[in-house]
Each structure stands twice: as structure tokens, then as C-alpha cells.
Amino acid sequence: MLTLTSPVETPLHRIPAGVKLAALALFTLVLFQLSTPLALSLALVALIALSLTGGLRFARHGARMLRPLWPFVGLITLWHLWQDDLTAGAVILLRMTAAVAAANLVTMTTRLSDMITVLERLARPLAPLLPPRRLALAIALVIRFIPVLSDRTALLSQAWRARSPRKPGWRLAAPAALAALDDAEQVAAALRARGGTG
Amino acid sequence: MERSLTHIALFAALIAVLGLVPPLYLAGAVPITAQTLGIMLCGTVLGARRGLLAVLLFLLLVALGLPLLSGGRGGLGVFVGPSAGFLVGFPLAAFVAGWIMERTTLPPFWAATAGGVIGGIGVMYLCGITGMAIVLNKTFAEASILALAFLPGDVIKAVLTGLVTQSIARARPAALLARA
């Protein structure tokens with residue numbers, strides 16, 4: 001399955017995942033201490049420069065990932081134009097964009113396997129409550145069954161279209177949920193037969 | 001043990017798959033996705049505790065970098081953006097919906113619809129609007145105007161939660177773990 005990790009190799013890809021996550025936490029904390037548009041703009045410029053070290057294609061991909069923010073940017077700009085307080089608006093927007101962009105940058109430059117390794121290390125103190133093997137198995141099951149359930153839903157959709165000119169829409173939810181329930185029972189039986197979840 | 005684990009994992013996958021269903025557009029602009037329907041079903045079908053865990057597992061995979069949120073969003077960025085409060089509300093909404101399903105003796109349709117309204121609208125909006133108010137630095141009342149556009153869609157989804165839960169209760173009465 002596709003992840004959000006960028007296929008373009010950047011120098012940032014080589015930094016260990018734990019270091020990047022710690023840096024992100026620190027950067028986000030600092031971001032919330034800054035309160036002038038100038039300081040926040042500098043933080044955003046630094047992020048853009050960091051993205052550009054991965055080349056133009058990488059930076060453009062990063063910009064695309066910020067698209068869900070634009071409606072909020074529009075609304076906040078209008079609101080602060082109306083309130084005649086553009087400085088406050090700029091602080092909010094710059095901080096929000098920088099925080100999201102920094103987090104996306106870590107996601108884009110870290111492989112799923114490296115993220116899971118960090119997660120396993122972080123989850124170790126929870127071991128008596130949540131055995132690491134069970135967590136790993138749960139993650140693997142979700143990743144494996146998304147395409148399975150997705151194909152099943154596509155088949156249900158085709159079956160619907162063969163009988164009706166209308167779109168199936170929400171009517172797929174019930175059979176899709178039933179398919180998930182049936183698969184869960186079968187996978188549970190299969191796991192038990194192979195010695196359980198350990 | 002195995003049954004719990006596989007139900008939690010398979011319903012986490014179901015949330016992701018329902019997020020792939022193309023959204024319906026209300027009044028041409030406001031998207032209604034089936035993803036939150038999946039969140040509510042985790043609660044109403046699996047019950048409070050398993051529903052909560054299924055949604056947490058789903059969010060964990062989103063945080064690890066899988067584009068599973070509707071519209072192909074994902075990664076760490078979504079947890080600091082203006083919609084982050086809604087993500088915090090997801091597991092709580094599933095828990096509350098599951099709790100209502102477990103603790104009431106109403107027929108499945110009414111219990112699940114009530115769960116959809118109280119969990120999917122009440123709890124979800126409380127968390128989501130608080131999140132928007134913090135990120136966008138607005139008062140709760142100002143931020144709630146933004147959420148108002150989604151209200152009609154979420155009322156429809158609460159009823160759909162009831163209808164889907166009811167048809168599951170009819171097709172597989174034993175599989176409705178919330179009522180087991």
C-alpha cells in the first residue's frame with residue numbers, strides 16, 4: 001500500500017526517525033512560544049528551505065500536502081480583514097502552517113518501517129498492558145486487510161450497479177461491515193489454530 | 001483474545017475503506033464522507049471498549065504515515081492542524097456510542113441512532129470545536145460557526161448509523177458484540 005513517505009530521496013531521509021520526531025516536538029513547542037509575525041515567518045522560511053534541499057519535486061509534493069489548510073486560511077483572512085486586525089491573523093496562520101508543514105516533513109522523510117521501530121521502542125513501557133507482539137500483529141492485520149476489504153467493497157458496488165442505475169453510496173456500509181465481521185471471525189479461528197496471539 | 005484482536009483490527013481497516021468511498025456533496029460544497037460512519041459503527045457494533053481501541057489503532061496508522069483519512073490525508077501534520085480536535089473526538093465518540101448501545105435496552109436502530117447523535121455530534125463537535133478554537137485562536141462560539149455547515153450531514157449520518165447497525169443486528173445477531 002502507498003504511504004505518504006516521499007519516493008524522492010532527500011538528505012533528511014538519512015536522519016534517524018527518533019531524532020526527527022524529537023526535533024519536531026521541540027520545533028512545535030518553540031513555535032507556540034513565538035508570537036510575532038516576523039519570527040514565525042522566519043520559522044516557515046527555514047522549513048521551506050529545508051524542503052528545497054530535497055529538490056523542487058519534493059517541495060511541490062510538500063506544498064500539495066498543505067492543501068486541506070487553504071479553506072481555513074481563507075476564512076481566517078476574511079475574519080481578520082473584517083476585524084481590522086491582520087497582525088493577529090498572520091500570527092495564527094503562520095503558526096498553523098509551520099506546525100503542519102514541519103510534521104508533514106517528518107512524515108514525508110521517514111519510512112513506515114522506521115516509524116514502526118520507534119513506536120515499538122516507545123510502547124515498551126506498556127508491555128505488561130499491551131504485549132508488543134499483539135500490537136505488531138494488529139498493525140499488520142489492518143495493513144493487510146485494507147486492500148482485501150476495499151476489493152470486497154468494489155465487488156459489492158459492481159453487483160449493485162448491475163441491478164440499479166443509481167449509485168450505491170451508503171448502502172455499501174452494511175455489507176462491508178458484515179464482511180469485516182465475518183473476516184474477523186475467520187482470522188481469529190485461523191490464529192487460534194496456529195497457536196494464538198502469544 | 002484472538003477474536004477481540006481481529007475484530008479491532010478489521011474494524012480499523014473498515015474505517016479506512018469507508019474513507020475511500022467518494023464523498024457526497026451537500027449543497028454542492030460541504031463534503032459528507034462515510035468515514036465517520038465507520039467510526040460510529042466501531043462503537044455500535046463492537047461496543048465501547050473494543051470500539052475505542054479500533055479507532056485508536058486506526059489513528060495510530062494515520063500517525064505512522066498512511067494516507068487513510070478521507071481525501072487521502074494522513075501523517076503527523078493532521079494532528080496539529082485545525083481539524084485535530086475532531087481526530088481526538090473520533091475514539092471518544094465511538095466509546096460513547098458503544099456505551100449507549102451496551103447500557104440501553106432500546107431496539108438496535110434507536111440505540112445506535114442515539115449513539116450517533118450523542119457520540120457523533122455531541123462529543124465529536126465538543127472536541128472538534130475546542131480544537132479549532134485553540135488552533136485558530138477564536139472563541140468557542142466563533143469556532144462553532146465553522147462546524148455548523150457540517151451539522152445537516154452529521155444528522156443524516158447518525159440515522160445511517162442506526163440503519164446500518166439495525167441491518168447488522170438482523171443479519172448476524174450474534175456478531176453484534178455491543179449487545180453480546
# chains A, B, ... in the order shown; residues from 1 in each chain; ligands from 1
$ residues_around --residues "Phe90 in chain B" --least-positions-apart "5" --cutoff "7 Å" --atoms "only C-alpha atoms" --output "PDB file with N, CA and C atoms, in the first residue's frame"
ATOM      1  N   ILE B  39     -16.495   5.163  12.047  1.00  0.00           N
ATOM      2  CA  ILE B  39     -16.131   5.418  13.452  1.00  0.00           C
ATOM      3  C   ILE B  39     -17.299   5.035  14.367  1.00  0.00           C
ATOM      4  N   VAL B  55     -10.649   2.471  16.896  1.00  0.00           N
ATOM      5  CA  VAL B  55     -10.417   3.820  16.375  1.00  0.00           C
ATOM      6  C   VAL B  55      -8.994   4.281  16.716  1.00  0.00           C
ATOM      7  N   MET B 124     -18.197  14.589  19.430  1.00  0.00           N
ATOM      8  CA  MET B 124     -17.308  14.931  18.316  1.00  0.00           C
ATOM      9  C   MET B 124     -17.208  16.445  18.144  1.00  0.00           C
TER      10      MET B 124
END
$ residues_around --residues "range 161-173 of chain A" --least-positions-apart "3" --cutoff "9 Å" --atoms "only C-alpha atoms" --output "number ranges by chain"
A: 153, 156-158, 176-178; B: 18, 21-24, 34, 37-38, 160, 164
$ residues_around --residues "Trp70 in chain A" --least-positions-apart "6" --cutoff "12 Å" --atoms "only C-alpha atoms" --output "MDAnalysis selection string"
(chainID A and resid 63:64 76:77 93 96:97) or (chainID B and resid 81:82)
$ interface_residues --of "chain A" --to "chain B" --cutoff "7 Å" --atoms "only C-alpha atoms" --output "ChimeraX atom specification"
/A:3-4,92,96,99-101,103-104,107,112,115,138,141-142,145-146,149-150,173-174,177-178,180-181,184-185,187-188,191-192,196-197
$ write_last_selection --atoms "N, CA and C atoms" --output "tab-separated table (two decimals), in the first residue's frame"
chain	number	residue	atom	x	y	z
A	3	THR	N	2.33	4.78	1.05
A	3	THR	CA	2.42	5.59	2.26
A	3	THR	C	2.69	7.02	1.82
A	4	LEU	N	2.74	7.92	2.79
A	4	LEU	CA	2.99	9.33	2.46
A	4	LEU	C	4.48	9.63	2.40
A	92	ILE	N	-1.64	33.64	13.66
A	92	ILE	CA	-2.37	32.37	13.70
A	92	ILE	C	-2.05	31.52	12.47
A	96	MET	N	0.06	27.98	12.39
A	96	MET	CA	-0.64	26.77	11.97
A	96	MET	C	0.07	26.13	10.78
A	99	ALA	N	3.47	24.60	11.79
A	99	ALA	CA	3.34	23.39	12.60
A	99	ALA	C	2.97	22.20	11.73
A	100	VAL	N	2.00	22.39	10.84
A	100	VAL	CA	1.56	21.28	9.97
A	100	VAL	C	2.66	20.92	8.98
A	101	ALA	N	3.32	21.94	8.41
A	101	ALA	CA	4.36	21.67	7.42
A	101	ALA	C	5.52	20.89	8.04
A	103	ALA	N	5.44	18.86	10.66
A	103	ALA	CA	5.02	17.48	10.92
A	103	ALA	C	4.96	16.68	9.62
A	104	ASN	N	4.45	17.31	8.55
A	104	ASN	CA	4.39	16.62	7.26
A	104	ASN	C	5.78	16.29	6.75
A	107	THR	N	6.90	13.15	8.31
A	107	THR	CA	6.19	12.02	7.69
A	107	THR	C	6.74	11.71	6.30
A	112	LEU	N	7.84	3.87	6.70
A	112	LEU	CA	6.88	3.25	7.62
A	112	LEU	C	7.59	2.29	8.58
A	115	MET	N	9.26	4.19	11.32
A	115	MET	CA	8.25	4.71	12.26
A	115	MET	C	7.81	3.60	13.22
A	138	ALA	N	-1.65	-6.53	15.26
A	138	ALA	CA	-2.82	-5.70	14.95
A	138	ALA	C	-2.50	-4.76	13.79
A	141	LEU	N	-2.34	-6.72	10.58
A	141	LEU	CA	-3.67	-7.14	10.12
A	141	LEU	C	-4.40	-6.00	9.43
A	142	VAL	N	-4.33	-4.78	10.00
A	142	VAL	CA	-5.02	-3.65	9.38
A	142	VAL	C	-4.46	-3.39	7.99
A	145	PHE	N	-5.57	-6.06	5.60
A	145	PHE	CA	-6.99	-6.20	5.28
A	145	PHE	C	-7.62	-4.96	4.64
A	146	ILE	N	-6.91	-3.83	4.61
A	146	ILE	CA	-7.48	-2.67	3.90
A	146	ILE	C	-7.69	-3.00	2.42
A	149	LEU	N	-10.64	-5.68	2.11
A	149	LEU	CA	-11.98	-5.11	2.30
A	149	LEU	C	-12.32	-4.13	1.17
A	150	SER	N	-11.29	-3.44	0.68
A	150	SER	CA	-11.51	-2.48	-0.39
A	150	SER	C	-11.97	-3.20	-1.66
A	173	ALA	N	-22.29	0.30	3.20
A	173	ALA	CA	-21.70	0.26	4.55
A	173	ALA	C	-22.08	-1.01	5.30
A	174	ALA	N	-23.37	-1.41	5.22
A	174	ALA	CA	-23.80	-2.59	5.98
A	174	ALA	C	-23.12	-3.87	5.48
A	177	ALA	N	-19.49	-3.85	6.47
A	177	ALA	CA	-19.28	-4.14	7.89
A	177	ALA	C	-19.48	-5.63	8.16
A	178	LEU	N	-20.47	-6.24	7.49
A	178	LEU	CA	-20.69	-7.69	7.67
A	178	LEU	C	-19.48	-8.47	7.18
A	180	ALA	N	-16.42	-7.43	7.18
A	180	ALA	CA	-15.37	-7.25	8.19
A	180	ALA	C	-15.61	-8.17	9.38
A	181	LEU	N	-16.88	-8.29	9.80
A	181	LEU	CA	-17.21	-9.15	10.93
A	181	LEU	C	-16.90	-10.61	10.62
A	184	ALA	N	-13.21	-11.21	10.50
A	184	ALA	CA	-12.64	-11.19	11.85
A	184	ALA	C	-12.80	-12.55	12.51
A	185	GLU	N	-13.99	-13.17	12.35
A	185	GLU	CA	-14.21	-14.49	12.93
A	185	GLU	C	-13.26	-15.52	12.33
A	187	VAL	N	-10.35	-15.05	10.70
A	187	VAL	CA	-8.94	-14.82	11.03
A	187	VAL	C	-8.69	-15.22	12.48
A	188	ALA	N	-9.66	-14.98	13.38
A	188	ALA	CA	-9.50	-15.37	14.78
A	188	ALA	C	-9.35	-16.89	14.89
A	191	LEU	N	-5.94	-17.87	13.64
A	191	LEU	CA	-4.88	-17.54	14.61
A	191	LEU	C	-4.86	-18.56	15.75
A	192	ARG	N	-6.07	-18.92	16.21
A	192	ARG	CA	-6.16	-19.89	17.31
A	192	ARG	C	-5.56	-21.23	16.88
A	196	GLY	N	-2.50	-19.12	18.61
A	196	GLY	CA	-2.93	-17.88	19.26
A	196	GLY	C	-1.98	-16.72	19.04
A	197	THR	N	-2.28	-15.63	19.74
A	197	THR	CA	-1.51	-14.40	19.53
A	197	THR	C	-0.29	-14.32	20.44
$ atom_distance --atom1 "CA of Gly19 in chain B" --atom2 "CA of Leu69 in chain B"
6.2 Å
$ atom_distance --atom1 "CA of Tyr125 in chain B" --atom2 "CA of Asp154 in chain B"
10.1 Å
$ select_by_dssp --residues "range 5-192 of chain A" --states "alpha helix (DSSP H)" --output "number ranges by chain"
A: 17-33, 37-52, 56-64, 70-83, 86-108, 112-123, 132-163, 173-192
